[in-house]
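Trainee: File target.cif below, mmCIF, C-alpha atoms and all ligand atoms:
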data_query
loop_
_atom_site.label_atom_id
_atom_site.label_comp_id
_atom_site.auth_asym_id
_atom_site.auth_seq_id
_atom_site.Cartn_x
_atom_site.Cartn_y
_atom_site.Cartn_z
CA MET U 1 -38.77 -1.39 -22.07
CA SER U 2 -37.33 0.13 -18.89
CA GLY U 3 -34.22 -1.65 -17.71
CA CYS U 4 -33.37 -3.03 -21.14
CA VAL U 5 -29.83 -2.06 -22.10
CA PHE U 6 -30.50 -2.20 -25.86
CA CYS U 7 -33.66 -0.06 -25.50
CA LYS U 8 -31.46 2.46 -23.69
CA ILE U 9 -28.92 2.40 -26.51
CA ALA U 10 -31.75 2.86 -29.06
CA ALA U 11 -33.03 5.84 -27.03
CA GLY U 12 -29.54 7.35 -26.76
CA GLU U 13 -29.63 7.01 -22.97
CA ILE U 14 -26.42 5.03 -22.76
CA PRO U 15 -23.48 5.41 -25.11
CA ALA U 16 -22.70 3.07 -27.98
CA THR U 17 -20.78 3.37 -31.20
CA ILE U 18 -23.65 3.50 -33.68
CA VAL U 19 -22.55 2.54 -37.18
CA LYS U 20 -25.86 2.56 -39.07
CA LYS U 21 -29.46 3.67 -38.50
CA GLY U 22 -32.66 3.41 -40.46
CA ASN U 23 -36.09 1.88 -40.84
CA GLY U 24 -36.58 1.17 -37.12
CA ILE U 25 -33.21 -0.59 -36.92
CA ILE U 26 -29.82 0.42 -35.57
CA ALA U 27 -26.41 -1.22 -35.59
CA PHE U 28 -23.61 -0.61 -33.12
CA THR U 29 -20.32 -2.19 -32.15
CA ASP U 30 -20.31 -5.04 -29.65
CA MET U 31 -18.52 -4.02 -26.42
CA ASN U 32 -16.84 -7.44 -26.25
CA PRO U 33 -15.93 -8.17 -29.87
CA GLN U 34 -15.41 -11.79 -30.91
CA ALA U 35 -14.04 -10.94 -34.37
CA PRO U 36 -12.34 -7.94 -36.04
CA THR U 37 -15.81 -6.86 -37.17
CA HIS U 38 -18.51 -7.55 -34.57
CA LEU U 39 -21.67 -5.47 -34.86
CA LEU U 40 -25.07 -5.86 -33.24
CA ILE U 41 -28.21 -5.11 -35.24
CA ILE U 42 -31.38 -4.42 -33.27
CA PRO U 43 -34.94 -3.26 -33.83
CA THR U 44 -35.47 0.06 -32.00
CA ILE U 45 -38.69 -1.34 -30.50
CA HIS U 46 -38.36 -3.87 -27.71
CA ILE U 47 -38.72 -7.50 -28.78
CA GLY U 48 -37.37 -9.99 -26.25
CA SER U 49 -36.06 -12.68 -28.56
CA LEU U 50 -36.55 -14.31 -31.93
CA ASN U 51 -39.36 -16.31 -30.32
CA ASP U 52 -41.25 -13.07 -29.68
CA ALA U 53 -40.81 -11.54 -33.14
CA LYS U 54 -44.28 -11.62 -34.71
CA ASP U 55 -43.52 -9.60 -37.85
CA PRO U 56 -41.75 -11.58 -40.58
CA GLY U 57 -41.26 -8.31 -42.47
CA LEU U 58 -39.17 -6.93 -39.62
CA LEU U 59 -37.10 -10.11 -39.55
CA GLY U 60 -36.46 -9.75 -43.27
CA ASN U 61 -35.48 -6.11 -42.79
CA LEU U 62 -33.03 -7.04 -40.03
CA LEU U 63 -31.39 -9.64 -42.26
CA ALA U 64 -31.23 -7.25 -45.22
CA PHE U 65 -29.74 -4.61 -42.91
CA ALA U 66 -27.04 -7.09 -41.82
CA ARG U 67 -26.24 -7.91 -45.44
CA GLU U 68 -25.97 -4.21 -46.31
CA LEU U 69 -23.70 -3.60 -43.34
CA ALA U 70 -21.49 -6.52 -44.35
CA LYS U 71 -21.06 -4.83 -47.72
CA GLU U 72 -20.31 -1.45 -46.14
CA GLN U 73 -17.79 -3.05 -43.78
CA LYS U 74 -16.20 -4.79 -46.78
CA ILE U 75 -16.52 -8.26 -45.31
CA ASP U 76 -19.09 -9.48 -47.85
CA ALA U 77 -16.71 -10.97 -50.40
CA ARG U 78 -14.49 -12.86 -47.94
CA GLY U 79 -17.50 -13.89 -45.88
CA TYR U 80 -19.16 -13.31 -42.57
CA ARG U 81 -21.57 -14.85 -40.10
CA VAL U 82 -24.95 -13.64 -38.83
CA VAL U 83 -26.02 -15.15 -35.51
CA VAL U 84 -29.21 -14.87 -33.48
CA ASN U 85 -28.66 -16.45 -30.08
CA THR U 86 -32.07 -17.34 -28.66
CA ASN U 87 -32.83 -18.02 -25.01
CA PRO U 88 -30.38 -19.58 -22.54
CA ASP U 89 -29.42 -22.72 -24.46
CA GLY U 90 -28.81 -20.54 -27.51
CA GLY U 91 -26.43 -18.34 -25.54
CA GLN U 92 -28.67 -15.27 -25.36
CA THR U 93 -27.66 -12.93 -22.54
CA VAL U 94 -29.40 -9.69 -23.56
CA PHE U 95 -33.14 -10.16 -23.98
CA HIS U 96 -33.73 -7.65 -26.74
CA LEU U 97 -33.67 -9.28 -30.18
CA HIS U 98 -30.33 -8.75 -31.91
CA LEU U 99 -28.34 -10.11 -34.80
CA HIS U 100 -24.59 -10.47 -34.43
CA LEU U 101 -22.66 -9.64 -37.61
CA LEU U 102 -19.20 -11.21 -37.37
CA GLY U 103 -16.41 -11.03 -39.89
CA GLY U 104 -12.79 -10.24 -40.59
CA ARG U 105 -11.56 -13.73 -39.72
CA VAL U 106 -12.35 -17.31 -40.62
CA MET U 107 -15.30 -18.61 -38.59
CA ASN U 108 -15.18 -22.08 -37.08
CA TRP U 109 -17.82 -24.77 -37.37
CA PRO U 110 -19.41 -26.24 -35.33
CA PRO U 111 -19.85 -23.25 -33.03
CA GLY U 112 -19.18 -23.79 -29.34
P1 LIG Q 1 -26.08 -12.42 -26.70
O1 LIG Q 1 -25.19 -13.22 -25.80
O2 LIG Q 1 -26.35 -13.05 -28.02
O3 LIG Q 1 -27.35 -12.01 -25.98
O4 LIG Q 1 -25.28 -11.11 -27.07
C1 LIG Q 1 -25.28 -9.96 -26.29
C2 LIG Q 1 -24.11 -9.14 -26.77
O5 LIG Q 1 -24.31 -7.81 -26.34
C3 LIG Q 1 -22.76 -9.59 -26.22
O6 LIG Q 1 -21.90 -9.91 -27.31
C4 LIG Q 1 -22.26 -8.40 -25.44
O7 LIG Q 1 -20.89 -8.19 -25.57
C5 LIG Q 1 -23.06 -7.26 -26.04
N1 LIG Q 1 -23.35 -6.13 -25.20
C6 LIG Q 1 -23.94 -6.14 -23.97
N2 LIG Q 1 -24.08 -4.90 -23.50
C7 LIG Q 1 -23.60 -4.07 -24.46
C8 LIG Q 1 -23.45 -2.65 -24.56
N3 LIG Q 1 -23.86 -1.83 -23.59
N4 LIG Q 1 -22.88 -2.15 -25.68
C9 LIG Q 1 -22.45 -2.97 -26.66
N5 LIG Q 1 -22.56 -4.31 -26.62
C10 LIG Q 1 -23.11 -4.85 -25.53
ZN ZN Q 2 -35.26 -3.63 -25.23
#
As structure tokens - that is how I would like this structure written.

Mentor:
Amino acid sequence: MSGCVFCKIAAGEIPATIVKKGNGIIAFTDMNPQAPTHLLIIPTIHIGSLNDAKDPGLLGNLLAFARELAKEQKIDARGYRVVVNTNPDGGQTVFHLHLHLLGGRVMNWPPG
């Protein structure tokens, strides 16, 4: 989708530090990290939010991708958090579906 920053990253039109690619999914580092490990996992096709994701298979693939990345980043044993902010009350600011993978520190609960 034109004007979508994550579509542009997926198309290689704006720079990002890509850490993993495959199966219509890419992961890259968050530009404003909230934890020692903070990666964003996105489908390469434009989907606005979790509300718009029609394909449960894709959602499963995104989650499996996040789990695999957690292993590769060596945060799986200590623990990590996967977050999908959805729409304004959920804290979503970029309207291209993405999973945050956060780790490398203890996460607080409840979230803010
Ligand atoms: P959310 O608030 O859940 O929509 O998360 C959007 C995330 O995207 C934020 O954590 C931003 O720091 C991150 N972000 C926005 N633009 C970029 C970019 N060009 N490269 C990397 N991360 C970005
Ligand atoms: Zn997009």

Trainee: Counting all atoms listed in the file, what residues are within 8 Å of ligand ZN 2 (chain Q), given as a ChimeraX atom specification?

Mentor: /U:1-8,44-48,95-97

Trainee: Can you pull out every residue within 12 Å of U:Arg105, counting all atoms listed in the file, but drop anything in the same chain fewer than 6 positions away, and send it as a ChimeraX atom specification?

Mentor: /U:34-38,75-76,78-81

Trainee: Counting all atoms listed in the file, what are the residues, protein, DNA or RNA alike, that approach ligand LIG 1 (chain Q) to within 7 Å? I want them as a ChimeraX atom specification.

Mentor: /U:5,16,28-33,84-85,91-95

Trainee: Ranking U:Leu58, U:Val19, U:Leu99, U:Ile14 by minimum distance to U:Glu72 and counting all atoms listed in the file, which one comes first?

Mentor: U:Val19

Trainee: Please, what distance in Å, to one decimal, runs between atom CA of U:Asp89 and atom CA of U:Asn61?

Mentor: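 Atom CA of U:Asn61 lies 25.5 Å from atom CA of U:Asp89.
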
Trainee: Work out how far apart atom CA of U:Leu40 and atom CA of U:Ile26 are and give it in Å to one decimal.

Mentor: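 We find that atom CA of U:Leu40 and atom CA of U:Ile26 lie 8.2 Å from each other.
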
Trainee: Between atom CA of U:Phe65 and atom CA of U:Ile25, what is the distance, to one decimal in Å?

Mentor: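 Between these atoms lies a distance of 8.0 Å.
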
Trainee: Determine the axis-aligned bounding box of all atoms of stretch 96-106 of chain U present in the file, pad each side by 5 Å, and express its centre and edge lengths in Å to one decimal place as AutoDock Vina command-line options.

Mentor:
--center_x -22.6 --center_y -12.5 --center_z -33.7 --size_x 32.2 --size_y 19.7 --size_z 23.9

Trainee: What lies within 9 Å of U:Arg67 using only C-alpha atoms, ignoring chain neighbours under 4 positions off, as a PDB file with C-alpha atoms, in the frame of the given file?

Mentor:
ATOM      1  CA  LEU U  62     -33.030  -7.040 -40.030  1.00  0.00           C
ATOM      2  CA  LEU U  63     -31.390  -9.640 -42.260  1.00  0.00           C
ATOM      3  CA  LYS U  71     -21.060  -4.830 -47.720  1.00  0.00           C
ATOM      4  CA  GLU U  72     -20.310  -1.450 -46.140  1.00  0.00           C
ATOM      5  CA  ASP U  76     -19.090  -9.480 -47.850  1.00  0.00           C
ATOM      6  CA  VAL U  82     -24.950 -13.640 -38.830  1.00  0.00           C
ATOM      7  CA  LEU U 101     -22.660  -9.640 -37.610  1.00  0.00           C
TER       8      LEU U 101
END
